[in-house]
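Below: one structure, written as structure tokens.
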Amino acid sequence: MIVEAADLRKRYGPTVVLDGLDLRVAAGSVFALLGPNGAGKTTTIRILTTLSRPDGGLARVAGHDVLRDPARVRAAISLTGQYAAVDAEQTGRENLAMIGRLRHLGRAGARRRADELLERFDLVRAADRRVKTYSGGMRRRLDLAMSLVARPEVIFLDEPTTGLDPASRATMWDAIRDLVHTGTTIFLTTQYLEEADRLADRIVVLHRGKVAAEGTADALKAQVGGDRVDLAFDTVADLDAATALLDGFPDPARLLLSVPSDGSAAHLHRLLDDLRGSGVPVARVSSHRPTLDDVFLALTAPQGVRA
Amino acid sequence: MSHALTDSVTLIGRSIRLSRRNVETLIMSILLPLLMMALFVFVFGGAINTGTAYVNYVVPGIILLCTGYGAASTAMSVTDDMSNGMVDRLRSMPVNSFALLTGHVVASVTRNALSTTIVVVAAVLMGFRPTAGLGGWLAAAGIVLLYVLALSWLAAGLGVVAKSVESASALSFFMLFLPYLSSAFVPPGTMPAVLRVISEHQPITPVIETVRGLLTGTPIGANAALALVWSGGLLVGSFVLATFLYRRRTAD
């Protein structure tokens, strides 16, 4: 295990942020810590990257204890924080070379490494422009490149795509996936189920500073249930008729019937055909994939309420 | 340990490059003191009786006014690094992250050296006629440098505690104000009693009196020793304060 945490605890004043967190991340894997704002994701990253001290518990990264041997941990990791920590008034090349020199690659070594990374992250043409002229996606790519200067064993990415448009997000995902081939372990946090789904081998859902669930993306989604189709009706009578006909969950207040689905067009067809065959008019139809909200509702709702 | 030195050199280079690129701030920190000097020499100066040509009296004050402006922008750059993630990036690397502050302080001193030189040259064009020899110039430069270094560390410390760039600017406001309550622009003897006490017992007055004496031959008296004690004490105090505040801000 390249990252191990046992019973991590952290509070800020009266607020308990981490409440006995256990984590194990295998070397060479992509690990996602999934949770909403305030779940403790950033605090976990700050502890594992030696920025913050836990109140209790143990954490080892790349074989070194974060409290007893922070210098060794720092030599083995890189952090890309939530805010792209790049100098807007320096060029992309200068930013990279600066990190190279701080990583003690020497002047020539730093320059060579900067060239390689500019090439790899598709920033060659923008290399000598000041970063303030970069798009949000280019900034994040440069930020990621800066984390790779020293070829770290573990890279920590704190919400790497928050605030990016869909196209930049996809580019960033490609860049992150490419890292896996180099054998680097990736530890990322995200609020997006889809992001964890696309990237991670293993996901831990964090809720109120504890592990609420863990497993592969498929396993988690199976736990929450699959897609659903919401059918909206104009009258209570129509809703009742549909409820009698189909296997679903009625919501009389909103005149809505939620029907579990496999997400296929064929299933939707069948539903609508059944209703038409029985003369029940449907006002609107919408289909839903399980969202992070669903995961949290399912994982944190009291027993028995679970749909 | 040699890494600590190369890390500092790298971060000093960064801060100097950033100051050079931040053209608006750089121009303002040079232009504003020049305008103030022109204002005092050509507008107010005629009405202020200092017993000498007013330009000769006011130059040391303008130099110290400059350092106040420089300090404000130093505090703001430090706050920017503390809040935008740069300090976290460095702290997660095997780097002595305190060197970040060293970088800002050295860049601040460099900026001040530049603006001071420009102010002195402009002053000569406006009629400033110093009588100092090389030794006097070097001594004056030394004392200004010591004071600027002390003020830069103080500004760095303020930058560390400030929660936002705006509040960093507000915190350093008193540094801009202090020169007016000194012997920079008018002899303290003309001020009301309370202000006179403040002006005679604050660090800027002995520094100004010393620089003025070294450059134009006015009596220095105990001011040289006072200036050294004030500036040296301020330097040690500010450095300790900045170190303490940085440790506290980065410990959680």
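Simple scheme: letters A, B, ... for chains in structure tokens order, numbers from 1 for residues in each chain, numbers from 1 for ligands in the order shown.
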- From the DSSP assignment of the backbone, select every residue of segment 145-304 of chain A that is helix (DSSP H, G or I), and format the answer as an MDAnalysis selection string. chainID A and resid 145:148 166:181 193:199 217:224 236:245 252:254 265:277 292:300
- Message: Report as a list in words all protein, DNA and RNA residues lying within 7 Å of segment 31-34 of chain B, evaluated on only C-alpha atoms, omitting residues in the same chain fewer than 5 positions from it.
- Response: Ile62, Leu65, Cys66 and Val119 of chain B
- Note on the structure: Using only C-alpha atoms, the residue out of B:Leu64, B:Ile30, B:Ile12, B:Ile198 with shortest distance to Ile143 of chain B is B:Leu64
- Task: Using only C-alpha atoms, determine which residues lie at most 9 Å from segment 231-245 of chain A, disregarding the query and same-chain residues fewer than 3 positions distant; provide the list as JSON, numbers by chain.
- Result: {"A": [248, 249, 250, 251, 252, 254, 255, 256, 257, 258, 259, 274, 275, 278, 280, 281, 282, 283, 284, 285, 286, 287]}
Which neighbours of segment 201-215 of chain A fall inside 9 Å, counting only C-alpha atoms, when residues of the same chain fewer than 2 positions from it are skipped, and could you give them as a JSON list (two decimals) with all heavy atoms, in the first residue's frame?
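out_34.json written:
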[["chain", "number", "residue", "atom", "x", "y", "z"],
["A", 8, "LEU", "N", -7.77, 8.36, 11.12],
["A", 8, "LEU", "CA", -7.39, 9.77, 11.08],
["A", 8, "LEU", "C", -8.50, 10.62, 11.71],
["A", 8, "LEU", "O", -9.68, 10.45, 11.40],
["A", 8, "LEU", "CB", -7.19, 10.24, 9.64],
["A", 8, "LEU", "CG", -5.85, 9.96, 8.98],
["A", 8, "LEU", "CD1", -5.80, 10.65, 7.63],
["A", 8, "LEU", "CD2", -4.70, 10.42, 9.87],
["A", 9, "ARG", "N", -8.07, 11.54, 12.58],
["A", 9, "ARG", "CA", -9.02, 12.44, 13.22],
["A", 9, "ARG", "C", -8.53, 13.87, 13.10],
["A", 9, "ARG", "O", -7.34, 14.14, 13.24],
["A", 9, "ARG", "CB", -9.18, 12.09, 14.70],
["A", 9, "ARG", "CG", -9.88, 10.78, 14.88],
["A", 9, "ARG", "CD", -9.93, 10.27, 16.28],
["A", 9, "ARG", "NE", -10.51, 8.93, 16.22],
["A", 9, "ARG", "CZ", -11.82, 8.70, 16.10],
["A", 9, "ARG", "NH1", -12.66, 9.71, 16.08],
["A", 9, "ARG", "NH2", -12.27, 7.47, 16.00],
["A", 10, "LYS", "N", -9.48, 14.78, 12.82],
["A", 10, "LYS", "CA", -9.11, 16.19, 12.77],
["A", 10, "LYS", "C", -10.35, 17.02, 13.07],
["A", 10, "LYS", "O", -11.42, 16.77, 12.54],
["A", 10, "LYS", "CB", -8.60, 16.54, 11.36],
["A", 10, "LYS", "CG", -8.18, 17.99, 11.17],
["A", 10, "LYS", "CD", -6.87, 18.30, 11.83],
["A", 10, "LYS", "CE", -6.47, 19.75, 11.64],
["A", 10, "LYS", "NZ", -5.20, 20.03, 12.33],
["A", 16, "VAL", "N", -16.02, 18.67, 13.80],
["A", 16, "VAL", "CA", -15.27, 17.46, 13.53],
["A", 16, "VAL", "C", -15.22, 17.27, 12.02],
["A", 16, "VAL", "O", -16.25, 17.16, 11.37],
["A", 16, "VAL", "CB", -15.93, 16.24, 14.19],
["A", 16, "VAL", "CG1", -15.20, 14.96, 13.80],
["A", 16, "VAL", "CG2", -15.94, 16.41, 15.69],
["A", 17, "VAL", "N", -14.00, 17.31, 11.45],
["A", 17, "VAL", "CA", -13.89, 17.19, 9.99],
["A", 17, "VAL", "C", -13.57, 15.75, 9.60],
["A", 17, "VAL", "O", -14.18, 15.20, 8.68],
["A", 17, "VAL", "CB", -12.80, 18.14, 9.46],
["A", 17, "VAL", "CG1", -12.72, 18.06, 7.95],
["A", 17, "VAL", "CG2", -13.09, 19.57, 9.88],
["A", 18, "LEU", "N", -12.62, 15.13, 10.29],
["A", 18, "LEU", "CA", -12.34, 13.72, 10.04],
["A", 18, "LEU", "C", -12.62, 12.95, 11.33],
["A", 18, "LEU", "O", -12.12, 13.30, 12.39],
["A", 18, "LEU", "CB", -10.89, 13.52, 9.61],
["A", 18, "LEU", "CG", -10.50, 14.15, 8.27],
["A", 18, "LEU", "CD1", -9.05, 13.82, 7.94],
["A", 18, "LEU", "CD2", -11.42, 13.70, 7.16],
["A", 19, "ASP", "N", -13.39, 11.88, 11.20],
["A", 19, "ASP", "CA", -13.90, 11.20, 12.39],
["A", 19, "ASP", "C", -13.50, 9.73, 12.34],
["A", 19, "ASP", "O", -14.36, 8.84, 12.32],
["A", 19, "ASP", "CB", -15.42, 11.39, 12.43],
["A", 19, "ASP", "CG", -16.00, 10.93, 13.76],
["A", 19, "ASP", "OD1", -15.23, 10.79, 14.72],
["A", 19, "ASP", "OD2", -17.23, 10.73, 13.83],
["A", 20, "GLY", "N", -12.19, 9.48, 12.25],
["A", 20, "GLY", "CA", -11.73, 8.10, 12.22],
["A", 20, "GLY", "C", -11.73, 7.54, 10.80],
["A", 20, "GLY", "O", -12.41, 6.57, 10.50],
["A", 21, "LEU", "N", -10.93, 8.17, 9.94],
["A", 21, "LEU", "CA", -10.90, 7.78, 8.52],
["A", 21, "LEU", "C", -9.83, 6.72, 8.27],
["A", 21, "LEU", "O", -8.69, 6.87, 8.71],
["A", 21, "LEU", "CB", -10.61, 9.02, 7.67],
["A", 21, "LEU", "CG", -10.54, 8.82, 6.16],
["A", 21, "LEU", "CD1", -11.89, 8.42, 5.61],
["A", 21, "LEU", "CD2", -10.04, 10.08, 5.49],
["A", 22, "ASP", "N", -10.20, 5.65, 7.58],
["A", 22, "ASP", "CA", -9.25, 4.61, 7.19],
["A", 22, "ASP", "C", -9.17, 4.55, 5.67],
["A", 22, "ASP", "O", -10.20, 4.53, 5.00],
["A", 22, "ASP", "CB", -9.72, 3.24, 7.69],
["A", 22, "ASP", "CG", -9.78, 3.19, 9.20],
["A", 22, "ASP", "OD1", -8.74, 3.38, 9.84],
["A", 22, "ASP", "OD2", -10.89, 2.98, 9.74],
["A", 23, "LEU", "N", -7.94, 4.54, 5.14],
["A", 23, "LEU", "CA", -7.76, 4.49, 3.68],
["A", 23, "LEU", "C", -6.60, 3.57, 3.36],
["A", 23, "LEU", "O", -5.61, 3.51, 4.10],
["A", 23, "LEU", "CB", -7.41, 5.88, 3.12],
["A", 23, "LEU", "CG", -8.44, 6.99, 3.18],
["A", 23, "LEU", "CD1", -7.81, 8.29, 2.69],
["A", 23, "LEU", "CD2", -9.66, 6.64, 2.33],
["A", 25, "VAL", "N", -4.45, 2.66, -0.31],
["A", 25, "VAL", "CA", -4.36, 2.86, -1.75],
["A", 25, "VAL", "C", -3.20, 2.03, -2.29],
["A", 25, "VAL", "O", -2.07, 2.14, -1.80],
["A", 25, "VAL", "CB", -4.13, 4.35, -2.09],
["A", 25, "VAL", "CG1", -4.01, 4.54, -3.59],
["A", 25, "VAL", "CG2", -5.26, 5.20, -1.53],
["A", 29, "SER", "N", -2.23, 2.62, -8.72],
["A", 29, "SER", "CA", -3.66, 2.70, -9.00],
["A", 29, "SER", "C", -4.15, 4.14, -9.01],
["A", 29, "SER", "O", -3.42, 5.06, -8.65],
["A", 29, "SER", "CB", -4.45, 1.90, -7.96],
["A", 29, "SER", "OG", -4.35, 2.54, -6.70],
["A", 30, "VAL", "N", -5.39, 4.32, -9.48],
["A", 30, "VAL", "CA", -6.03, 5.62, -9.39],
["A", 30, "VAL", "C", -7.12, 5.51, -8.33],
["A", 30, "VAL", "O", -8.02, 4.69, -8.43],
["A", 30, "VAL", "CB", -6.67, 6.05, -10.72],
["A", 30, "VAL", "CG1", -7.30, 7.42, -10.58],
["A", 30, "VAL", "CG2", -5.64, 6.04, -11.83],
["A", 31, "PHE", "N", -7.00, 6.35, -7.33],
["A", 31, "PHE", "CA", -7.90, 6.28, -6.19],
["A", 31, "PHE", "C", -8.69, 7.58, -6.11],
["A", 31, "PHE", "O", -8.12, 8.66, -6.24],
["A", 31, "PHE", "CB", -7.06, 6.08, -4.92],
["A", 31, "PHE", "CG", -7.86, 6.11, -3.66],
["A", 31, "PHE", "CD1", -8.43, 4.95, -3.17],
["A", 31, "PHE", "CD2", -8.04, 7.30, -2.97],
["A", 31, "PHE", "CE1", -9.17, 4.98, -2.00],
["A", 31, "PHE", "CE2", -8.78, 7.32, -1.80],
["A", 31, "PHE", "CZ", -9.36, 6.16, -1.31],
["A", 32, "ALA", "N", -10.00, 7.49, -5.94],
["A", 32, "ALA", "CA", -10.81, 8.70, -5.84],
["A", 32, "ALA", "C", -11.49, 8.79, -4.50],
["A", 32, "ALA", "O", -12.08, 7.83, -4.03],
["A", 32, "ALA", "CB", -11.85, 8.75, -6.96],
["A", 33, "LEU", "N", -11.39, 9.95, -3.90],
["A", 33, "LEU", "CA", -12.11, 10.25, -2.67],
["A", 33, "LEU", "C", -13.28, 11.12, -3.09],
["A", 33, "LEU", "O", -13.10, 12.24, -3.56],
["A", 33, "LEU", "CB", -11.17, 11.01, -1.73],
["A", 33, "LEU", "CG", -11.51, 11.08, -0.25],
["A", 33, "LEU", "CD1", -11.67, 9.70, 0.34],
["A", 33, "LEU", "CD2", -10.41, 11.83, 0.49],
["A", 34, "LEU", "N", -14.48, 10.56, -2.95],
["A", 34, "LEU", "CA", -15.67, 11.21, -3.49],
["A", 34, "LEU", "C", -16.49, 11.75, -2.33],
["A", 34, "LEU", "O", -16.69, 11.07, -1.33],
["A", 34, "LEU", "CB", -16.45, 10.13, -4.25],
["A", 34, "LEU", "CG", -17.73, 10.48, -4.98],
["A", 34, "LEU", "CD1", -17.44, 11.41, -6.12],
["A", 34, "LEU", "CD2", -18.36, 9.20, -5.52],
["A", 35, "GLY", "N", -16.94, 12.99, -2.47],
["A", 35, "GLY", "CA", -17.76, 13.54, -1.39],
["A", 35, "GLY", "C", -18.19, 14.94, -1.73],
["A", 35, "GLY", "O", -17.58, 15.59, -2.57],
["A", 36, "PRO", "N", -19.24, 15.42, -1.05],
["A", 36, "PRO", "CA", -19.70, 16.79, -1.29],
["A", 36, "PRO", "C", -18.78, 17.78, -0.58],
["A", 36, "PRO", "O", -17.89, 17.38, 0.17],
["A", 36, "PRO", "CB", -21.09, 16.80, -0.67],
["A", 36, "PRO", "CG", -21.01, 15.81, 0.45],
["A", 36, "PRO", "CD", -20.02, 14.76, 0.01],
["A", 38, "GLY", "N", -17.30, 19.96, 2.18],
["A", 38, "GLY", "CA", -17.39, 19.83, 3.63],
["A", 38, "GLY", "C", -17.31, 18.40, 4.12],
["A", 38, "GLY", "O", -17.40, 18.16, 5.32],
["A", 39, "ALA", "N", -17.11, 17.43, 3.23],
["A", 39, "ALA", "CA", -17.05, 16.03, 3.66],
["A", 39, "ALA", "C", -15.70, 15.72, 4.32],
["A", 39, "ALA", "O", -15.58, 14.74, 5.04],
["A", 39, "ALA", "CB", -17.29, 15.10, 2.48],
["A", 40, "GLY", "N", -14.68, 16.55, 4.05],
["A", 40, "GLY", "CA", -13.36, 16.31, 4.63],
["A", 40, "GLY", "C", -12.32, 15.93, 3.58],
["A", 40, "GLY", "O", -11.21, 15.52, 3.94],
["A", 41, "LYS", "N", -12.65, 16.10, 2.30],
["A", 41, "LYS", "CA", -11.72, 15.69, 1.24],
["A", 41, "LYS", "C", -10.41, 16.49, 1.28],
["A", 41, "LYS", "O", -9.32, 15.92, 1.28],
["A", 41, "LYS", "CB", -12.36, 15.89, -0.16],
["A", 41, "LYS", "CG", -13.62, 15.11, -0.39],
["A", 41, "LYS", "CD", -14.05, 15.20, -1.85],
["A", 41, "LYS", "CE", -14.33, 16.61, -2.35],
["A", 41, "LYS", "NZ", -15.55, 17.23, -1.83],
["A", 44, "THR", "N", -8.24, 15.73, 4.26],
["A", 44, "THR", "CA", -7.52, 14.46, 4.09],
["A", 44, "THR", "C", -6.27, 14.68, 3.24],
["A", 44, "THR", "O", -5.16, 14.24, 3.60],
["A", 44, "THR", "CB", -8.43, 13.42, 3.41],
["A", 44, "THR", "OG1", -9.63, 13.32, 4.15],
["A", 44, "THR", "CG2", -7.75, 12.07, 3.34],
["A", 196, "ALA", "N", -15.08, 10.25, -10.96],
["A", 196, "ALA", "CA", -14.56, 9.08, -10.27],
["A", 196, "ALA", "C", -14.76, 7.84, -11.15],
["A", 196, "ALA", "O", -13.88, 6.99, -11.27],
["A", 196, "ALA", "CB", -15.27, 8.91, -8.93],
["A", 197, "ASP", "N", -15.92, 7.79, -11.77],
["A", 197, "ASP", "CA", -16.30, 6.68, -12.64],
["A", 197, "ASP", "C", -15.30, 6.54, -13.79],
["A", 197, "ASP", "O", -14.81, 5.45, -14.10],
["A", 197, "ASP", "CB", -17.70, 7.00, -13.18],
["A", 197, "ASP", "CG", -18.37, 5.79, -13.79],
["A", 197, "ASP", "OD1", -17.72, 4.73, -13.86],
["A", 197, "ASP", "OD2", -19.53, 5.90, -14.20],
["A", 198, "ARG", "N", -14.96, 7.67, -14.44],
["A", 198, "ARG", "CA", -14.08, 7.64, -15.61],
["A", 198, "ARG", "C", -12.65, 7.29, -15.23],
["A", 198, "ARG", "O", -11.93, 6.69, -16.02],
["A", 198, "ARG", "CB", -14.04, 9.01, -16.29],
["A", 198, "ARG", "CG", -15.34, 9.44, -16.88],
["A", 198, "ARG", "CD", -15.53, 8.82, -18.27],
["A", 198, "ARG", "NE", -16.71, 9.34, -18.90],
["A", 198, "ARG", "CZ", -16.69, 10.32, -19.79],
["A", 198, "ARG", "NH1", -15.55, 10.85, -20.17],
["A", 198, "ARG", "NH2", -17.80, 10.76, -20.32],
["A", 199, "LEU", "N", -12.20, 7.76, -14.06],
["A", 199, "LEU", "CA", -10.78, 7.70, -13.78],
["A", 199, "LEU", "C", -10.36, 6.62, -12.80],
["A", 199, "LEU", "O", -9.29, 6.04, -12.93],
["A", 199, "LEU", "CB", -10.30, 9.05, -13.24],
["A", 199, "LEU", "CG", -10.41, 10.25, -14.18],
["A", 199, "LEU", "CD1", -10.06, 11.53, -13.45],
["A", 199, "LEU", "CD2", -9.49, 10.06, -15.38],
["A", 217, "ALA", "N", -16.45, 1.79, -9.19],
["A", 217, "ALA", "CA", -17.58, 2.63, -9.58],
["A", 217, "ALA", "C", -18.83, 1.78, -9.80],
["A", 217, "ALA", "O", -19.93, 2.14, -9.35],
["A", 217, "ALA", "CB", -17.22, 3.40, -10.84],
["A", 218, "ASP", "N", -18.68, 0.65, -10.47],
["A", 218, "ASP", "CA", -19.84, -0.21, -10.75],
["A", 218, "ASP", "C", -20.48, -0.72, -9.47],
["A", 218, "ASP", "O", -21.70, -0.73, -9.33],
["A", 218, "ASP", "CB", -19.42, -1.40, -11.63],
["A", 218, "ASP", "CG", -19.13, -0.95, -13.05],
["A", 218, "ASP", "OD1", -19.60, 0.16, -13.42],
["A", 218, "ASP", "OD2", -18.42, -1.68, -13.77],
["A", 219, "ALA", "N", -19.62, -1.14, -8.55],
["A", 219, "ALA", "CA", -20.15, -1.67, -7.29],
["A", 219, "ALA", "C", -20.95, -0.60, -6.56],
["A", 219, "ALA", "O", -22.03, -0.88, -6.02],
["A", 219, "ALA", "CB", -19.00, -2.17, -6.42],
["A", 220, "LEU", "N", -20.44, 0.63, -6.57],
["A", 220, "LEU", "CA", -21.15, 1.70, -5.86],
["A", 220, "LEU", "C", -22.49, 2.00, -6.51],
["A", 220, "LEU", "O", -23.49, 2.17, -5.84],
["A", 220, "LEU", "CB", -20.30, 2.98, -5.85],
["A", 220, "LEU", "CG", -19.15, 2.97, -4.85],
["A", 220, "LEU", "CD1", -18.32, 4.23, -5.02],
["A", 220, "LEU", "CD2", -19.70, 2.90, -3.43],
["A", 295, "VAL", "N", -26.32, 8.75, -4.50],
["A", 295, "VAL", "CA", -25.38, 7.93, -3.74],
["A", 295, "VAL", "C", -25.44, 8.33, -2.27],
["A", 295, "VAL", "O", -25.54, 7.49, -1.39],
["A", 295, "VAL", "CB", -23.93, 8.12, -4.27],
["A", 295, "VAL", "CG1", -22.95, 7.35, -3.39],
["A", 295, "VAL", "CG2", -23.84, 7.66, -5.71],
["A", 296, "PHE", "N", -25.43, 9.63, -2.04],
["A", 296, "PHE", "CA", -25.43, 10.07, -0.65],
["A", 296, "PHE", "C", -26.72, 9.79, 0.05],
["A", 296, "PHE", "O", -26.74, 9.35, 1.20],
["A", 296, "PHE", "CB", -25.07, 11.55, -0.56],
["A", 296, "PHE", "CG", -23.62, 11.71, -0.70],
["A", 296, "PHE", "CD1", -23.06, 12.16, -1.87],
["A", 296, "PHE", "CD2", -22.80, 11.33, 0.34],
["A", 296, "PHE", "CE1", -21.72, 12.23, -2.02],
["A", 296, "PHE", "CE2", -21.44, 11.40, 0.20],
["A", 296, "PHE", "CZ", -20.90, 11.85, -0.98],
["A", 299, "LEU", "N", -26.72, 6.15, 0.74],
["A", 299, "LEU", "CA", -25.73, 5.68, 1.72],
["A", 299, "LEU", "C", -25.96, 6.24, 3.11],
["A", 299, "LEU", "O", -25.51, 5.68, 4.09],
["A", 299, "LEU", "CB", -24.33, 6.06, 1.25],
["A", 299, "LEU", "CG", -23.85, 5.32, 0.02],
["A", 299, "LEU", "CD1", -22.54, 5.91, -0.47],
["A", 299, "LEU", "CD2", -23.68, 3.84, 0.33],
["A", 300, "THR", "N", -26.64, 7.37, 3.18],
["A", 300, "THR", "CA", -26.73, 8.03, 4.48],
["A", 300, "THR", "C", -28.15, 8.06, 5.03],
["A", 300, "THR", "O", -28.34, 8.48, 6.16],
["A", 300, "THR", "CB", -26.21, 9.47, 4.40],
["A", 300, "THR", "OG1", -27.01, 10.18, 3.45],
["A", 300, "THR", "CG2", -24.77, 9.50, 3.97]]
